[in-house]
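Engineer: My structure is stored as input.pdb, with PDB, C-alpha atoms and all ligand atoms.
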```
ATOM      1  CA  MET A   1       0.000   0.000   0.000
ATOM      2  CA  ILE A   2       1.535   3.281  -1.086
ATOM      3  CA  PRO A   3       0.342   6.335   0.876
ATOM      4  CA  LEU A   4      -0.756   9.121  -1.464
ATOM      5  CA  ILE A   5      -2.015  11.669   1.081
ATOM      6  CA  SER A   6      -0.484  11.259   4.541
ATOM      7  CA  ASN A   7      -1.416   7.766   5.673
ATOM      8  CA  ARG A   8      -5.092   8.135   4.941
ATOM      9  CA  VAL A   9      -5.340   7.497   1.212
ATOM     10  CA  LYS A  10      -3.426   4.519  -0.090
ATOM     11  CA  PHE A  11      -2.792   3.100  -3.520
ATOM     12  CA  ILE A  12      -3.521  -0.623  -3.786
ATOM     13  CA  GLU A  13      -1.551  -2.037  -6.664
ATOM     14  CA  ALA A  14      -3.273  -4.764  -8.689
ATOM     15  CA  PRO A  15      -1.339  -7.777 -10.037
ATOM     16  CA  ASP A  16      -0.361  -8.363 -13.680
ATOM     17  CA  ARG A  17       0.264  -4.642 -14.212
ATOM     18  CA  ALA A  18      -3.456  -4.116 -13.639
ATOM     19  CA  ARG A  19      -4.384  -5.616 -16.962
ATOM     20  CA  PHE A  20      -7.965  -6.811 -17.366
ATOM     21  CA  PRO A  21      -9.600  -8.321 -15.291
ATOM     22  CA  TYR A  22      -7.576  -6.435 -12.666
ATOM     23  CA  ALA A  23      -7.651  -2.755 -11.792
ATOM     24  CA  HIS A  24      -5.831  -0.721  -9.148
ATOM     25  CA  SER A  25      -7.786   0.403  -6.091
ATOM     26  CA  LEU A  26      -7.516   3.181  -3.553
ATOM     27  CA  PHE A  27      -8.152   2.662   0.131
ATOM     28  CA  ILE A  28      -9.251   5.501   2.420
ATOM     29  CA  ASP A  29      -8.287   4.670   5.993
ATOM     30  CA  ASP A  30     -10.392   7.226   7.844
ATOM     31  CA  GLU A  31     -13.399   7.367  10.179
ATOM     32  CA  ILE A  32     -15.286   5.687   7.355
ATOM     33  CA  ARG A  33     -13.015   3.125   5.694
ATOM     34  CA  VAL A  34     -13.528   3.106   1.955
ATOM     35  CA  LEU A  35     -12.295   0.805  -0.801
ATOM     36  CA  ILE A  36     -12.534   2.276  -4.295
ATOM     37  CA  ASP A  37     -13.239  -0.570  -6.751
ATOM     38  CA  THR A  38     -12.786  -4.249  -5.957
ATOM     39  CA  ALA A  39     -10.671  -5.960  -8.613
ATOM     40  CA  CYS A  40      -7.230  -5.313  -7.125
ATOM     41  CA  GLY A  41      -6.265  -9.007  -6.909
ATOM     42  CA  ALA A  42      -6.863 -11.953  -4.576
ATOM     43  CA  GLU A  43      -4.126 -11.097  -2.069
ATOM     44  CA  SER A  44      -5.407  -7.577  -1.416
ATOM     45  CA  ILE A  45      -9.044  -8.682  -1.465
ATOM     46  CA  ASP A  46      -8.236 -11.360   1.156
ATOM     47  CA  TYR A  47      -6.607  -8.679   3.295
ATOM     48  CA  PHE A  48      -9.681  -6.485   3.033
ATOM     49  CA  LEU A  49     -11.990  -9.415   3.791
ATOM     50  CA  ASP A  50     -10.051  -9.777   7.074
ATOM     51  CA  HIS A  51     -10.177  -5.989   7.631
ATOM     52  CA  PRO A  52     -13.474  -5.110   5.940
ATOM     53  CA  PRO A  53     -14.099  -1.580   4.703
ATOM     54  CA  ASP A  54     -17.309   0.199   5.704
ATOM     55  CA  LEU A  55     -17.960   1.298   2.180
ATOM     56  CA  ILE A  56     -17.151   0.340  -1.402
ATOM     57  CA  LEU A  57     -17.097   3.178  -3.872
ATOM     58  CA  ASN A  58     -17.302   2.026  -7.496
ATOM     59  CA  SER A  59     -15.947   4.240 -10.273
ATOM     60  CA  HIS A  60     -18.282   2.526 -12.792
ATOM     61  CA  PHE A  61     -20.110  -0.719 -13.498
ATOM     62  CA  HIS A  62     -17.438  -2.652 -15.404
ATOM     63  CA  GLU A  63     -16.562  -6.137 -14.211
ATOM     64  CA  ASP A  64     -12.912  -5.235 -13.625
ATOM     65  CA  HIS A  65     -14.043  -2.638 -11.057
ATOM     66  CA  ILE A  66     -16.939  -4.331  -9.240
ATOM     67  CA  MET A  67     -15.637  -7.924  -9.382
ATOM     68  CA  ASN A  68     -15.523  -8.604  -5.625
ATOM     69  CA  ASN A  69     -18.246  -6.239  -4.354
ATOM     70  CA  HIS A  70     -20.442  -9.208  -3.517
ATOM     71  CA  LYS A  71     -17.886 -10.647  -1.069
ATOM     72  CA  PHE A  72     -18.140  -7.630   1.260
ATOM     73  CA  SER A  73     -21.562  -8.329   2.693
ATOM     74  CA  SER A  74     -21.186  -5.851   5.572
ATOM     75  CA  ALA A  75     -20.092  -2.910   3.388
ATOM     76  CA  GLN A  76     -22.296  -0.300   1.771
ATOM     77  CA  VAL A  77     -21.814   0.019  -2.002
ATOM     78  CA  TRP A  78     -21.991   3.460  -3.594
ATOM     79  CA  ALA A  79     -21.935   4.173  -7.320
ATOM     80  CA  HIS A  80     -23.207   6.797  -9.749
ATOM     81  CA  ALA A  81     -26.938   6.656 -10.397
ATOM     82  CA  LEU A  82     -26.458   6.080 -14.132
ATOM     83  CA  ASP A  83     -24.278   2.982 -13.663
ATOM     84  CA  ALA A  84     -26.004   1.566 -10.584
ATOM     85  CA  PRO A  85     -28.553  -0.538 -12.545
ATOM     86  CA  ALA A  86     -25.750  -2.425 -14.337
ATOM     87  CA  ILE A  87     -24.078  -3.223 -11.005
ATOM     88  CA  ARG A  88     -27.353  -4.402  -9.532
ATOM     89  CA  SER A  89     -28.415  -6.819 -12.272
ATOM     90  CA  GLU A  90     -26.964  -9.052 -14.954
ATOM     91  CA  GLU A  91     -29.831  -8.054 -17.222
ATOM     92  CA  ASP A  92     -28.918  -4.370 -17.074
ATOM     93  CA  PHE A  93     -25.200  -5.195 -17.320
ATOM     94  CA  SER A  94     -25.965  -6.961 -20.630
ATOM     95  CA  GLU A  95     -28.250  -4.146 -21.732
ATOM     96  CA  PHE A  96     -25.436  -1.624 -21.146
ATOM     97  CA  TYR A  97     -22.979  -3.742 -23.179
ATOM     98  CA  GLY A  98     -25.609  -4.032 -25.901
ATOM     99  CA  PHE A  99     -24.601  -7.302 -27.558
ATOM    100  CA  HIS A 100     -28.285  -7.911 -28.345
ATOM    101  CA  HIS A 101     -28.462  -4.849 -30.608
ATOM    102  CA  PHE A 102     -26.214  -6.759 -32.998
ATOM    103  CA  GLY A 103     -27.839 -10.190 -32.609
ATOM    104  CA  GLN A 104     -25.105 -11.426 -30.238
ATOM    105  CA  GLU A 105     -27.048 -12.161 -27.038
ATOM    106  CA  LYS A 106     -25.328 -15.527 -26.642
ATOM    107  CA  LEU A 107     -21.876 -13.969 -26.886
ATOM    108  CA  GLY A 108     -22.974 -11.419 -24.283
ATOM    109  CA  ARG A 109     -23.982 -14.193 -21.877
ATOM    110  CA  LEU A 110     -20.692 -16.045 -22.463
ATOM    111  CA  PHE A 111     -18.806 -12.817 -21.824
ATOM    112  CA  TYR A 112     -20.625 -12.245 -18.532
ATOM    113  CA  GLU A 113     -19.834 -15.795 -17.390
ATOM    114  CA  TRP A 114     -16.226 -15.518 -18.531
ATOM    115  CA  THR A 115     -15.592 -12.313 -16.564
ATOM    116  CA  GLY A 116     -16.785 -13.946 -13.352
ATOM    117  CA  ALA A 117     -18.618 -10.714 -12.564
ATOM    118  CA  LYS A 118     -21.421 -10.927 -10.038
ATOM    119  CA  SER A 119     -24.067  -8.343  -9.471
ATOM    120  CA  SER A 120     -24.236  -6.652  -6.077
ATOM    121  CA  LEU A 121     -26.426  -4.246  -4.184
ATOM    122  CA  VAL A 122     -25.905  -0.518  -4.602
ATOM    123  CA  HIS A 123     -27.016   1.123  -1.371
ATOM    124  CA  GLN A 124     -26.488   4.724  -2.389
ATOM    125  CA  GLU A 125     -26.453   6.413  -5.783
ATOM    126  CA  ILE A 126     -23.988   9.284  -6.062
ATOM    127  CA  GLN A 127     -23.979  12.311  -8.372
ATOM    128  CA  GLY A 128     -21.331  14.557  -9.904
ATOM    129  CA  GLY A 129     -20.393  17.541  -7.719
ATOM    130  CA  GLN A 130     -21.169  15.752  -4.477
ATOM    131  CA  VAL A 131     -18.495  15.947  -1.777
ATOM    132  CA  LEU A 132     -18.263  12.679   0.128
ATOM    133  CA  ASP A 133     -17.207  13.098   3.751
ATOM    134  CA  PHE A 134     -15.325  10.140   5.177
ATOM    135  CA  GLY A 135     -13.843  11.956   8.200
ATOM    136  CA  LYS A 136     -10.720  13.997   7.527
ATOM    137  CA  THR A 137     -10.871  12.882   3.911
ATOM    138  CA  LYS A 138     -13.309  14.649   1.613
ATOM    139  CA  VAL A 139     -13.732  13.311  -1.905
ATOM    140  CA  GLN A 140     -15.364  15.249  -4.713
ATOM    141  CA  VAL A 141     -17.299  13.166  -7.212
ATOM    142  CA  ILE A 142     -16.433  14.143 -10.780
ATOM    143  CA  HIS A 143     -18.994  12.696 -13.161
ATOM    144  CA  ALA A 144     -16.926  11.852 -16.248
ATOM    145  CA  PRO A 145     -19.151   9.877 -18.644
ATOM    146  CA  GLY A 146     -18.305   8.486 -22.061
ATOM    147  CA  HIS A 147     -16.571   5.243 -21.159
ATOM    148  CA  THR A 148     -19.816   4.369 -19.379
ATOM    149  CA  PRO A 149     -22.766   6.694 -18.628
ATOM    150  CA  GLY A 150     -22.055   6.856 -14.899
ATOM    151  CA  HIS A 151     -18.255   6.721 -14.973
ATOM    152  CA  CYS A 152     -16.798   8.822 -12.156
ATOM    153  CA  CYS A 153     -13.419  10.216 -11.221
ATOM    154  CA  PHE A 154     -12.691  11.116  -7.615
ATOM    155  CA  LEU A 155     -10.848  14.281  -6.614
ATOM    156  CA  PHE A 156      -8.874  14.377  -3.371
ATOM    157  CA  GLU A 157      -7.096  17.202  -1.566
ATOM    158  CA  ASP A 158      -3.863  18.464  -3.109
ATOM    159  CA  ASP A 159      -5.570  18.070  -6.521
ATOM    160  CA  ILE A 160      -4.941  14.331  -6.641
ATOM    161  CA  LEU A 161      -7.329  12.792  -9.149
ATOM    162  CA  PHE A 162      -8.331   9.149  -9.332
ATOM    163  CA  SER A 163      -9.390   9.070 -12.975
ATOM    164  CA  ALA A 164     -10.468   5.381 -13.161
ATOM    165  CA  ASP A 165     -10.804   4.324 -16.809
ATOM    166  CA  ILE A 166      -9.659   7.602 -18.232
ATOM    167  CA  GLU A 167      -6.640   5.392 -17.911
ATOM    168  CA  LEU A 168      -4.069   7.038 -20.202
ATOM    169  CA  SER A 169      -3.094   3.821 -21.998
ATOM    170  CA  SER A 170      -1.386   3.866 -25.374
ATOM    171  CA  PHE A 171      -4.455   2.053 -26.789
ATOM    172  CA  GLY A 172      -6.515   5.133 -26.038
ATOM    173  CA  PRO A 173     -10.037   5.600 -24.713
ATOM    174  CA  TRP A 174     -12.215   2.488 -24.651
ATOM    175  CA  TYR A 175     -15.710   2.984 -26.103
ATOM    176  CA  GLY A 176     -16.431  -0.464 -27.542
ATOM    177  CA  HIS A 177     -19.902  -1.010 -26.211
ATOM    178  CA  TRP A 178     -23.420   0.262 -26.638
ATOM    179  CA  CYS A 179     -23.531   2.611 -23.650
ATOM    180  CA  SER A 180     -20.305   4.464 -24.546
ATOM    181  CA  ASP A 181     -20.484   7.960 -25.993
ATOM    182  CA  ILE A 182     -17.451   9.439 -27.742
ATOM    183  CA  ASP A 183     -18.537  13.091 -27.363
ATOM    184  CA  ASP A 184     -18.999  12.582 -23.634
ATOM    185  CA  PHE A 185     -15.615  10.854 -23.437
ATOM    186  CA  ILE A 186     -13.891  13.797 -25.123
ATOM    187  CA  ALA A 187     -15.636  16.240 -22.762
ATOM    188  CA  SER A 188     -14.616  14.158 -19.744
ATOM    189  CA  ILE A 189     -10.948  14.101 -20.762
ATOM    190  CA  LYS A 190     -11.123  17.889 -21.224
ATOM    191  CA  LEU A 191     -12.656  18.158 -17.758
ATOM    192  CA  CYS A 192      -9.654  16.267 -16.328
ATOM    193  CA  GLN A 193      -7.387  18.757 -18.117
ATOM    194  CA  GLU A 194      -9.314  21.661 -16.575
ATOM    195  CA  ILE A 195      -8.964  20.159 -13.113
ATOM    196  CA  ASN A 196      -5.205  20.200 -13.826
ATOM    197  CA  PRO A 197      -4.347  17.537 -11.244
ATOM    198  CA  SER A 198      -0.986  17.484  -9.500
ATOM    199  CA  MET A 199      -1.118  13.688  -9.591
ATOM    200  CA  ILE A 200      -3.369  11.348 -11.518
ATOM    201  CA  VAL A 201      -4.028   7.749 -10.540
ATOM    202  CA  THR A 202      -5.623   5.589 -13.209
ATOM    203  CA  SER A 203      -7.156   2.156 -12.807
ATOM    204  CA  HIS A 204      -4.774   0.455 -15.211
ATOM    205  CA  ARG A 205      -1.689   2.683 -15.339
ATOM    206  CA  GLY A 206      -1.367   3.583 -11.677
ATOM    207  CA  ILE A 207       0.286   6.697 -10.288
ATOM    208  CA  ILE A 208       1.351   9.349 -12.798
ATOM    209  CA  GLU A 209       3.014  12.559 -11.697
ATOM    210  CA  ASP A 210       4.666  13.939 -14.808
ATOM    211  CA  LYS A 211       3.451  15.387 -18.118
ATOM    212  CA  ILE A 212      -0.174  14.946 -17.042
ATOM    213  CA  GLN A 213      -1.602  17.566 -19.435
ATOM    214  CA  LYS A 214       0.334  16.148 -22.374
ATOM    215  CA  ARG A 215      -0.677  12.594 -21.529
ATOM    216  CA  LEU A 216      -4.354  13.632 -21.409
ATOM    217  CA  GLN A 217      -3.994  15.443 -24.730
ATOM    218  CA  ASP A 218      -2.235  12.468 -26.373
ATOM    219  CA  TYR A 219      -4.987  10.234 -25.011
ATOM    220  CA  VAL A 220      -7.861  12.270 -26.473
ATOM    221  CA  ASN A 221      -5.949  12.633 -29.754
ATOM    222  CA  ILE A 222      -6.150   8.865 -30.258
ATOM    223  CA  ILE A 223      -9.923   9.276 -30.671
ATOM    224  CA  TYR A 224      -9.408  11.928 -33.361
ATOM    225  CA  GLN A 225      -6.794   9.786 -35.143
ATOM    226  CA  LYS A 226      -9.172   6.821 -35.311
ATOM    227  CA  GLU A 227     -12.004   9.122 -36.394
ATOM    228  CA  GLU A 228      -9.881  10.453 -39.236
ATOM    229  CA  LYS A 229      -9.215   6.900 -40.417
ATOM    230  CA  VAL A 230     -12.953   6.197 -40.392
ATOM    231  CA  LEU A 231     -13.628   9.349 -42.431
ATOM    232  CA  ASN A 232     -10.816   8.673 -44.919
ATOM    233  CA  SER A 233     -12.076   5.130 -45.462
ATOM    234  CA  LEU A 234     -15.588   6.402 -46.168
ATOM    235  CA  LYS A 235     -14.203   9.036 -48.555
ATOM    236  CA  GLN A 236     -12.724   6.237 -50.639
ATOM    237  CA  GLN A 237     -16.027   4.370 -50.826
ATOM    238  CA  PRO A 238     -19.348   4.140 -48.992
ATOM    239  CA  MET A 239     -19.338   1.259 -46.533
ATOM    240  CA  THR A 240     -21.674  -0.726 -44.338
ATOM    241  CA  LEU A 241     -20.946  -1.010 -40.625
ATOM    242  CA  SER A 242     -19.752  -4.595 -41.182
ATOM    243  CA  GLN A 243     -17.335  -3.539 -43.923
ATOM    244  CA  LEU A 244     -15.956  -0.754 -41.752
ATOM    245  CA  THR A 245     -15.535  -3.226 -38.874
ATOM    246  CA  GLU A 246     -13.300  -5.411 -41.092
ATOM    247  CA  LEU A 247     -10.708  -2.591 -41.250
ATOM    248  CA  LEU A 248      -9.924  -2.971 -37.501
ATOM    249  CA  ILE A 249      -9.409   0.779 -37.158
ATOM    250  CA  TYR A 250     -10.219   0.695 -33.438
ATOM    251  CA  HIS A 251      -8.107  -2.288 -32.342
ATOM    252  CA  GLY A 252      -5.461  -2.235 -35.061
ATOM    253  CA  GLU A 253      -5.301  -6.007 -34.840
ATOM    254  CA  ILE A 254      -7.111  -8.703 -32.917
ATOM    255  CA  LYS A 255      -4.922 -11.367 -31.343
ATOM    256  CA  GLU A 256      -7.327 -13.284 -29.091
ATOM    257  CA  PHE A 257     -10.999 -13.800 -28.264
ATOM    258  CA  PHE A 258     -11.728 -12.925 -31.862
ATOM    259  CA  ARG A 259     -15.540 -12.876 -31.753
ATOM    260  CA  LEU A 260     -15.609 -10.725 -28.642
ATOM    261  CA  PHE A 261     -13.078  -8.175 -29.873
ATOM    262  CA  LYS A 262     -14.791  -8.080 -33.265
ATOM    263  CA  MET A 263     -18.035  -7.191 -31.502
ATOM    264  CA  TRP A 264     -16.298  -4.395 -29.606
ATOM    265  CA  GLU A 265     -14.712  -3.223 -32.839
ATOM    266  CA  LYS A 266     -18.160  -3.056 -34.422
ATOM    267  CA  MET A 267     -19.655  -1.120 -31.554
ATOM    268  CA  ALA A 268     -16.700   1.287 -31.487
ATOM    269  CA  MET A 269     -17.240   1.933 -35.214
ATOM    270  CA  TYR A 270     -20.946   2.372 -34.554
ATOM    271  CA  ASN A 271     -20.092   4.989 -31.897
ATOM    272  CA  HIS A 272     -17.753   6.804 -34.308
ATOM    273  CA  LEU A 273     -20.471   6.839 -36.995
ATOM    274  CA  LYS A 274     -23.035   8.108 -34.504
ATOM    275  CA  ARG A 275     -20.768  11.056 -33.647
ATOM    276  CA  LEU A 276     -19.821  11.759 -37.276
ATOM    277  CA  MET A 277     -23.480  11.806 -38.323
ATOM    278  CA  LYS A 278     -24.261  14.189 -35.470
ATOM    279  CA  LEU A 279     -21.439  16.436 -36.736
ATOM    280  CA  GLY A 280     -22.955  16.277 -40.235
ATOM    281  CA  MET A 281     -19.799  14.714 -41.681
ATOM    282  CA  VAL A 282     -21.333  11.339 -42.527
ATOM    283  CA  GLU A 283     -24.711  10.336 -43.952
ATOM    284  CA  LYS A 284     -26.432   7.006 -44.128
ATOM    285  CA  THR A 285     -28.489   5.624 -47.022
ATOM    286  CA  ASP A 286     -29.905   2.140 -46.639
ATOM    287  CA  ASP A 287     -27.081   0.258 -44.942
ATOM    288  CA  TYR A 288     -24.285   2.396 -46.415
ATOM    289  CA  TYR A 289     -22.419   5.212 -44.707
ATOM    290  CA  TYR A 290     -21.061   8.061 -46.902
ATOM    291  CA  ALA A 291     -18.564  10.808 -46.064
ATOM    292  CA  LYS A 292     -20.106  14.174 -47.003
TER     293      LYS A 292
HETATM  294 ZN    ZN B   1     -14.152   0.360 -17.585
END
```
Could you render the structure from this file as structure tokens?
Structural biologist:
Amino acid sequence: MIPLISNRVKFIEAPDRARFPYAHSLFIDDEIRVLIDTACGAESIDYFLDHPPDLILNSHFHEDHIMNNHKFSSAQVWAHALDAPAIRSEEDFSEFYGFHHFGQEKLGRLFYEWTGAKSSLVHQEIQGGQVLDFGKTKVQVIHAPGHTPGHCCFLFEDDILFSADIELSSFGPWYGHWCSDIDDFIASIKLCQEINPSMIVTSHRGIIEDKIQKRLQDYVNIIYQKEEKVLNSLKQQPMTLSQLTELLIYHGEIKEFFRLFKMWEKMAMYNHLKRLMKLGMVEKTDDYYYAK
């Protein structure tokens, strides 16, 4: 456990460099003891089961953030109102992923089983702007949607920002499912830039203290680079969503779990097209998308 702010806020490092299905956690050791997200690895989870927190604060509904909620039967679970339904039920979890919109319900069910995710209660729904009082530690809820509708970052004193899955990876922002929104994602990254944190802690990249503004800018630019590839492809010839998916613009290449990643690729392309049509840069006739 690495103390971030005196001894009260600690970084809990996840195994395997916090690659899926793991994610780093924070632990607030205050009058109210709070664990932020619950997929930080078996060793840490076992420790917290022996020293249970009073409260679990989820950054969003994804399986690699809520994984072990259900094991902490004595803890309250808090999450943003817009993501709470997908934490509470498998049905809503699947609805948020949206496999069924593309005739892939079965794949969606397999995915849910494969992740090992289990639904849990959400006792309190939180909102952006709220300041959560855990004793000496006050945490401001920053609603930062786009990755998921209720995705939240948490701002601590000294401008330390836990940015969850605004995770600053070289892959770029992840918006490969139905409930993602690219415009919201862009706005949320800009919001993180405006906050101008002194330190940023992401769920999959951990503690970052240098070049934070540049890293956020590089991260949002990956969206624009992929968008440009989509537009350039459509300028060459009108395409259906399936044809565009074949280009693997979002993933670059797919090495494993081909059907699953292909589905995410398709939904990411769908989200790009949705934004480009809203911007008036793409039109759709029958099943074909045209660059204007
Ligand atoms: Zn996520």
Engineer: Which residues are near Glu209 of chain A? Cut-off 9 Å, only C-alpha atoms, ignore same chain within fewer than 5 positions. Put them as a list of chain:residue names.
Structural biologist: A:Pro197, A:Ser198, A:Met199, A:Ile200, A:Val201
Engineer: Quick one: everything within 9 Å of segment 69-72 of chain A, counting all atoms listed in the file, minus sequence neighbours fewer than 5 positions away in the same chain. Send it as a ChimeraX atom specification.
Structural biologist: /A:37-39,48-49,52-53,55-56,58,77,118-121
Engineer: Could you write those residues out with C-alpha atoms, as a compact mmCIF listing (two decimals), in the frame of the given file?
Structural biologist:
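In the end it all went to again-v1.txt:
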```
# COMPACT_ATOMS: atom_id res chain seq x y z
CA ASP A 37 -13.24 -0.57 -6.75
CA THR A 38 -12.79 -4.25 -5.96
CA ALA A 39 -10.67 -5.96 -8.61
CA PHE A 48 -9.68 -6.48 3.03
CA LEU A 49 -11.99 -9.41 3.79
CA PRO A 52 -13.47 -5.11 5.94
CA PRO A 53 -14.10 -1.58 4.70
CA LEU A 55 -17.96 1.30 2.18
CA ILE A 56 -17.15 0.34 -1.40
CA ASN A 58 -17.30 2.03 -7.50
CA VAL A 77 -21.81 0.02 -2.00
CA LYS A 118 -21.42 -10.93 -10.04
CA SER A 119 -24.07 -8.34 -9.47
CA SER A 120 -24.24 -6.65 -6.08
CA LEU A 121 -26.43 -4.25 -4.18
```
Engineer: Show me, as a compact mmCIF listing (two decimals) with C-alpha atoms, in the coordinates of the input, the residues that have an atom within 10 Å of Asn196 of chain A when counting only C-alpha atoms, minus same-chain residues fewer than 5 positions from it.
Structural biologist:
```txt
# COMPACT_ATOMS: atom_id res chain seq x y z
CA ASP A 159 -5.57 18.07 -6.52
CA ILE A 160 -4.94 14.33 -6.64
CA LEU A 161 -7.33 12.79 -9.15
CA LYS A 190 -11.12 17.89 -21.22
CA LEU A 191 -12.66 18.16 -17.76
CA ILE A 212 -0.17 14.95 -17.04
CA GLN A 213 -1.60 17.57 -19.43
```
Engineer: Neighbours of Gly150 of chain A within 6 Å (all atoms listed in the file; same-chain residues fewer than 5 positions away dropped), as a count of residues only?
Structural biologist: 4
Engineer: Spell out the residues picked by the PyMOL selection byres (((chain A and resi 152) around 12) and not hetatm) here, as a PyMOL selection string.
Structural biologist: chain A and resi 36-37+57-62+65+78-84+125-130+139-151+153-155+161-166+185+188-189+191-192+202-203
Engineer: Thr137 of chain A: which residues within 7 Å, counting all atoms listed in the file, same-chain residues fewer than 3 positions away excluded, as an NGL selection string?
Structural biologist: :A and (30 or 133-134)
Engineer: Just the number, please: distance in Å from atom CA of Gln237 of chain A to atom CA of His251 of chain A, one decimal.
Structural biologist: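 These two atoms are separated by 21.2 Å.
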